[in-house]
>>> print(open('my_file-v8.csv').read())   # CSV, C-alpha atoms
chain,number,residue,atom,x,y,z
A,1,MET,CA,15.2,-5.6,-4.5
A,2,LEU,CA,16.3,-2.9,-2.0
A,3,ILE,CA,13.5,-3.8,0.3
A,4,THR,CA,15.0,-7.3,0.6
A,5,PHE,CA,18.1,-5.8,2.1
A,6,GLY,CA,16.1,-3.7,4.6
A,7,ILE,CA,14.0,-6.7,5.7
A,8,THR,CA,17.1,-9.0,6.0
A,9,GLY,CA,18.9,-6.4,8.1
A,10,LEU,CA,15.9,-5.9,10.3
A,11,ILE,CA,15.5,-9.6,10.9
A,12,ALA,CA,19.2,-10.1,11.6
A,13,ILE,CA,19.3,-7.3,14.2
A,14,SER,CA,16.0,-8.6,15.7
A,15,ILE,CA,17.5,-12.0,16.1
A,16,ALA,CA,20.7,-10.6,17.6
A,17,VAL,CA,18.8,-8.9,20.4
A,18,TRP,CA,17.7,-12.4,21.6
A,19,ILE,CA,21.0,-14.2,21.3
A,20,LYS,CA,23.0,-14.7,24.5
A,21,ASN,CA,26.3,-15.3,22.8
A,22,GLU,CA,27.8,-11.8,22.5
A,23,LYS,CA,30.2,-12.7,19.7
A,24,LYS,CA,27.4,-14.0,17.5
A,25,GLN,CA,25.3,-11.0,18.6
A,26,ASP,CA,27.9,-8.5,17.4
A,27,ILE,CA,28.3,-10.4,14.1
A,28,LEU,CA,24.6,-10.3,13.5
A,29,PHE,CA,24.5,-6.6,14.4
A,30,ALA,CA,27.2,-5.8,11.9
A,31,VAL,CA,25.6,-7.9,9.1
A,32,GLY,CA,22.2,-6.5,9.8
A,33,GLY,CA,23.6,-3.0,9.9
A,34,ALA,CA,25.4,-3.6,6.6
A,35,CYS,CA,22.1,-4.8,5.0
A,36,ILE,CA,20.3,-1.8,6.3
A,37,LEU,CA,23.1,0.5,5.1
A,38,VAL,CA,22.7,-0.9,1.5
A,39,TYR,CA,19.0,-0.1,1.8
A,40,SER,CA,19.5,3.4,3.2
A,41,ILE,CA,22.0,4.2,0.5
A,42,GLY,CA,19.6,2.9,-2.1
A,43,ILE,CA,16.8,5.1,-0.9
A,44,LYS,CA,19.3,8.0,-0.7
A,45,ASN,CA,18.7,8.8,2.9
A,46,VAL,CA,22.0,10.4,4.1
A,47,ILE,CA,21.1,10.6,7.8
A,48,PHE,CA,20.0,7.0,8.0
A,49,SER,CA,23.2,6.0,6.1
A,50,VAL,CA,25.4,7.9,8.5
A,51,LEU,CA,23.6,6.3,11.5
A,52,GLN,CA,24.1,2.8,10.1
A,53,ILE,CA,27.8,3.4,9.5
A,54,ILE,CA,28.1,4.4,13.2
A,55,PHE,CA,26.0,1.3,14.2
A,56,ILE,CA,28.2,-1.0,12.2
A,57,THR,CA,31.4,0.6,13.5
A,58,SER,CA,30.2,0.1,17.1
A,59,ALA,CA,29.3,-3.5,16.5
A,60,LEU,CA,32.7,-4.2,14.9
A,61,ALA,CA,34.6,-2.4,17.6
A,62,GLU,CA,32.8,-4.5,20.3
A,63,LEU,CA,33.6,-7.6,18.3
A,64,ILE,CA,37.3,-6.7,18.1
A,65,LYS,CA,37.4,-5.8,21.8
A,66,LYS,CA,36.0,-9.3,22.7
A,67,ARG,CA,38.5,-11.1,20.4
A,68,ARG,CA,41.4,-9.4,22.2
A,69,GLN,CA,40.2,-10.6,25.6
>>> encode(input="my_file-v8.csv", output="structure tokens")
Amino acid sequence: MLITFGITGLIAISIAVWIKNEKKQDILFAVGGACILVYSIGIKNVIFSVLQIIFITSALAELIKKRRQ
């Protein structure tokens, strides 16, 4: 079950890299990051979990920044 979250997150982030629309890209980064965060917590990898939290926070901050403009 956990592997499904990891694969989904990887696919979402991979698709986001190719999308030109930055708003959609940031949303996919955040969703993909959240899926990978679930996976990393499930496998009890603290370093990977912390990195995913930073990644999600960065994606959301960029999304908020774009909404304000």
>>> closest_residue(input="my_file-v8.csv", among="A:Ile53, A:Gly6, A:Glu22, A:Leu37", to="Lys65 in chain A", atoms="only C-alpha atoms")
A:Glu22
>>> residues_around(input="my_file-v8.csv", residues="Ile41 in chain A", least_positions_apart="6", cutoff="12 Å", atoms="all atoms listed in the file", output="PyMOL selection string")
chain A and resi 2-3+5-6+33-35+47-53
>>> atom_distance(input="my_file-v8.csv", atom1="CA of Asn21 in chain A", atom2="CA of Ser40 in chain A")
27.9 Å
>>> closest_residue(input="my_file-v8.csv", among="A:Ile27, A:Lys44, A:Ile11, A:Thr4", to="Leu63 in chain A", atoms="all atoms listed in the file")
A:Ile27
>>> atom_distance(input="my_file-v8.csv", atom1="CA of Val17 in chain A", atom2="CA of Ile64 in chain A")
18.8 Å
>>> residues_around(input="my_file-v8.csv", residues="Leu60 in chain A", least_positions_apart="2", cutoff="10 Å", atoms="only C-alpha atoms", output="PDB file with C-alpha atoms, in the frame of the given file")
ATOM      1  CA  ASP A  26      27.900  -8.500  17.400  1.00  0.00           C
ATOM      2  CA  ILE A  27      28.300 -10.400  14.100  1.00  0.00           C
ATOM      3  CA  PHE A  29      24.500  -6.600  14.400  1.00  0.00           C
ATOM      4  CA  ALA A  30      27.200  -5.800  11.900  1.00  0.00           C
ATOM      5  CA  VAL A  31      25.600  -7.900   9.100  1.00  0.00           C
ATOM      6  CA  ILE A  54      28.100   4.400  13.200  1.00  0.00           C
ATOM      7  CA  PHE A  55      26.000   1.300  14.200  1.00  0.00           C
ATOM      8  CA  ILE A  56      28.200  -1.000  12.200  1.00  0.00           C
ATOM      9  CA  THR A  57      31.400   0.600  13.500  1.00  0.00           C
ATOM     10  CA  SER A  58      30.200   0.100  17.100  1.00  0.00           C
ATOM     11  CA  GLU A  62      32.800  -4.500  20.300  1.00  0.00           C
ATOM     12  CA  LEU A  63      33.600  -7.600  18.300  1.00  0.00           C
ATOM     13  CA  ILE A  64      37.300  -6.700  18.100  1.00  0.00           C
ATOM     14  CA  LYS A  65      37.400  -5.800  21.800  1.00  0.00           C
ATOM     15  CA  LYS A  66      36.000  -9.300  22.700  1.00  0.00           C
TER      16      LYS A  66
END
>>> axis_aligned_box(input="my_file-v8.csv", around="range 43-52 of chain A", padding_each_side="8 Å", output="JSON")
{"center_x": 21.1, "center_y": 6.7, "center_z": 5.3, "size_x": 24.6, "size_y": 23.8, "size_z": 28.4}
>>> decode(input="my_file-v8.csv", residues="range 37-64 of chain A", atoms="N, CA, C and O atoms", output="PDB file, in the first residue's frame")
ATOM      1  N   LEU A  37       5.755  12.070   1.043  1.00  0.00           N
ATOM      2  CA  LEU A  37       5.878  12.238   2.495  1.00  0.00           C
ATOM      3  C   LEU A  37       5.184  11.087   3.222  1.00  0.00           C
ATOM      4  O   LEU A  37       5.739  10.533   4.174  1.00  0.00           O
ATOM      5  N   VAL A  38       3.992  10.717   2.777  1.00  0.00           N
ATOM      6  CA  VAL A  38       3.288   9.575   3.379  1.00  0.00           C
ATOM      7  C   VAL A  38       4.152   8.317   3.271  1.00  0.00           C
ATOM      8  O   VAL A  38       4.301   7.562   4.239  1.00  0.00           O
ATOM      9  N   TYR A  39       4.729   8.120   2.100  1.00  0.00           N
ATOM     10  CA  TYR A  39       5.598   6.955   1.893  1.00  0.00           C
ATOM     11  C   TYR A  39       6.811   6.999   2.825  1.00  0.00           C
ATOM     12  O   TYR A  39       7.142   5.998   3.477  1.00  0.00           O
ATOM     13  N   SER A  40       7.460   8.148   2.909  1.00  0.00           N
ATOM     14  CA  SER A  40       8.675   8.240   3.719  1.00  0.00           C
ATOM     15  C   SER A  40       8.387   8.083   5.209  1.00  0.00           C
ATOM     16  O   SER A  40       9.195   7.513   5.948  1.00  0.00           O
ATOM     17  N   ILE A  41       7.229   8.571   5.653  1.00  0.00           N
ATOM     18  CA  ILE A  41       6.839   8.351   7.048  1.00  0.00           C
ATOM     19  C   ILE A  41       6.557   6.865   7.268  1.00  0.00           C
ATOM     20  O   ILE A  41       6.935   6.287   8.295  1.00  0.00           O
ATOM     21  N   GLY A  42       5.912   6.251   6.293  1.00  0.00           N
ATOM     22  CA  GLY A  42       5.581   4.828   6.395  1.00  0.00           C
ATOM     23  C   GLY A  42       6.799   3.930   6.493  1.00  0.00           C
ATOM     24  O   GLY A  42       6.774   2.916   7.193  1.00  0.00           O
ATOM     25  N   ILE A  43       7.866   4.315   5.792  1.00  0.00           N
ATOM     26  CA  ILE A  43       9.081   3.490   5.866  1.00  0.00           C
ATOM     27  C   ILE A  43      10.011   3.962   6.986  1.00  0.00           C
ATOM     28  O   ILE A  43      11.116   3.469   7.140  1.00  0.00           O
ATOM     29  N   LYS A  44       9.532   4.952   7.736  1.00  0.00           N
ATOM     30  CA  LYS A  44      10.246   5.487   8.913  1.00  0.00           C
ATOM     31  C   LYS A  44      11.628   6.053   8.571  1.00  0.00           C
ATOM     32  O   LYS A  44      12.613   5.799   9.262  1.00  0.00           O
ATOM     33  N   ASN A  45      11.668   6.838   7.508  1.00  0.00           N
ATOM     34  CA  ASN A  45      12.908   7.485   7.107  1.00  0.00           C
ATOM     35  C   ASN A  45      12.808   8.965   7.464  1.00  0.00           C
ATOM     36  O   ASN A  45      12.168   9.756   6.769  1.00  0.00           O
ATOM     37  N   VAL A  46      13.429   9.344   8.572  1.00  0.00           N
ATOM     38  CA  VAL A  46      13.299  10.701   9.109  1.00  0.00           C
ATOM     39  C   VAL A  46      13.896  11.744   8.164  1.00  0.00           C
ATOM     40  O   VAL A  46      13.280  12.782   7.918  1.00  0.00           O
ATOM     41  N   ILE A  47      15.056  11.490   7.636  1.00  0.00           N
ATOM     42  CA  ILE A  47      15.714  12.471   6.761  1.00  0.00           C
ATOM     43  C   ILE A  47      14.877  12.721   5.515  1.00  0.00           C
ATOM     44  O   ILE A  47      14.652  13.865   5.121  1.00  0.00           O
ATOM     45  N   PHE A  48      14.385  11.672   4.895  1.00  0.00           N
ATOM     46  CA  PHE A  48      13.552  11.784   3.704  1.00  0.00           C
ATOM     47  C   PHE A  48      12.259  12.524   4.032  1.00  0.00           C
ATOM     48  O   PHE A  48      11.775  13.352   3.244  1.00  0.00           O
ATOM     49  N   SER A  49      11.693  12.269   5.205  1.00  0.00           N
ATOM     50  CA  SER A  49      10.463  12.948   5.630  1.00  0.00           C
ATOM     51  C   SER A  49      10.699  14.452   5.784  1.00  0.00           C
ATOM     52  O   SER A  49       9.891  15.265   5.319  1.00  0.00           O
ATOM     53  N   VAL A  50      11.786  14.814   6.427  1.00  0.00           N
ATOM     54  CA  VAL A  50      12.105  16.236   6.610  1.00  0.00           C
ATOM     55  C   VAL A  50      12.321  16.918   5.254  1.00  0.00           C
ATOM     56  O   VAL A  50      11.826  18.026   5.015  1.00  0.00           O
ATOM     57  N   LEU A  51      13.028  16.269   4.367  1.00  0.00           N
ATOM     58  CA  LEU A  51      13.258  16.838   3.031  1.00  0.00           C
ATOM     59  C   LEU A  51      11.944  17.025   2.279  1.00  0.00           C
ATOM     60  O   LEU A  51      11.754  18.028   1.582  1.00  0.00           O
ATOM     61  N   GLN A  52      11.019  16.088   2.429  1.00  0.00           N
ATOM     62  CA  GLN A  52       9.728  16.211   1.760  1.00  0.00           C
ATOM     63  C   GLN A  52       8.917  17.355   2.342  1.00  0.00           C
ATOM     64  O   GLN A  52       8.226  18.064   1.616  1.00  0.00           O
ATOM     65  N   ILE A  53       8.988  17.553   3.640  1.00  0.00           N
ATOM     66  CA  ILE A  53       8.285  18.683   4.266  1.00  0.00           C
ATOM     67  C   ILE A  53       8.822  19.996   3.716  1.00  0.00           C
ATOM     68  O   ILE A  53       8.061  20.917   3.394  1.00  0.00           O
ATOM     69  N   ILE A  54      10.125  20.099   3.566  1.00  0.00           N
ATOM     70  CA  ILE A  54      10.734  21.304   2.996  1.00  0.00           C
ATOM     71  C   ILE A  54      10.297  21.481   1.541  1.00  0.00           C
ATOM     72  O   ILE A  54       9.960  22.593   1.115  1.00  0.00           O
ATOM     73  N   PHE A  55      10.270  20.401   0.779  1.00  0.00           N
ATOM     74  CA  PHE A  55       9.854  20.446  -0.625  1.00  0.00           C
ATOM     75  C   PHE A  55       8.406  20.920  -0.751  1.00  0.00           C
ATOM     76  O   PHE A  55       8.089  21.796  -1.560  1.00  0.00           O
ATOM     77  N   ILE A  56       7.513  20.357   0.064  1.00  0.00           N
ATOM     78  CA  ILE A  56       6.097  20.740   0.031  1.00  0.00           C
ATOM     79  C   ILE A  56       5.937  22.204   0.434  1.00  0.00           C
ATOM     80  O   ILE A  56       5.185  22.951  -0.207  1.00  0.00           O
ATOM     81  N   THR A  57       6.628  22.617   1.472  1.00  0.00           N
ATOM     82  CA  THR A  57       6.555  24.007   1.922  1.00  0.00           C
ATOM     83  C   THR A  57       7.013  24.965   0.827  1.00  0.00           C
ATOM     84  O   THR A  57       6.384  26.006   0.600  1.00  0.00           O
ATOM     85  N   SER A  58       8.067  24.624   0.133  1.00  0.00           N
ATOM     86  CA  SER A  58       8.565  25.459  -0.962  1.00  0.00           C
ATOM     87  C   SER A  58       7.555  25.559  -2.098  1.00  0.00           C
ATOM     88  O   SER A  58       7.313  26.644  -2.637  1.00  0.00           O
ATOM     89  N   ALA A  59       6.949  24.436  -2.454  1.00  0.00           N
ATOM     90  CA  ALA A  59       5.951  24.433  -3.527  1.00  0.00           C
ATOM     91  C   ALA A  59       4.739  25.262  -3.141  1.00  0.00           C
ATOM     92  O   ALA A  59       4.217  26.042  -3.951  1.00  0.00           O
ATOM     93  N   LEU A  60       4.278  25.118  -1.905  1.00  0.00           N
ATOM     94  CA  LEU A  60       3.123  25.892  -1.456  1.00  0.00           C
ATOM     95  C   LEU A  60       3.444  27.384  -1.349  1.00  0.00           C
ATOM     96  O   LEU A  60       2.606  28.224  -1.687  1.00  0.00           O
ATOM     97  N   ALA A  61       4.640  27.713  -0.891  1.00  0.00           N
ATOM     98  CA  ALA A  61       5.048  29.119  -0.809  1.00  0.00           C
ATOM     99  C   ALA A  61       5.083  29.753  -2.195  1.00  0.00           C
ATOM    100  O   ALA A  61       4.631  30.892  -2.385  1.00  0.00           O
ATOM    101  N   GLU A  62       5.573  29.027  -3.171  1.00  0.00           N
ATOM    102  CA  GLU A  62       5.611  29.521  -4.551  1.00  0.00           C
ATOM    103  C   GLU A  62       4.188  29.694  -5.090  1.00  0.00           C
ATOM    104  O   GLU A  62       3.896  30.679  -5.779  1.00  0.00           O
ATOM    105  N   LEU A  63       3.308  28.774  -4.768  1.00  0.00           N
ATOM    106  CA  LEU A  63       1.914  28.864  -5.212  1.00  0.00           C
ATOM    107  C   LEU A  63       1.234  30.089  -4.596  1.00  0.00           C
ATOM    108  O   LEU A  63       0.539  30.842  -5.291  1.00  0.00           O
ATOM    109  N   ILE A  64       1.438  30.319  -3.322  1.00  0.00           N
ATOM    110  CA  ILE A  64       0.861  31.481  -2.641  1.00  0.00           C
ATOM    111  C   ILE A  64       1.419  32.772  -3.235  1.00  0.00           C
ATOM    112  O   ILE A  64       0.689  33.738  -3.463  1.00  0.00           O
TER     113      ILE A  64
END
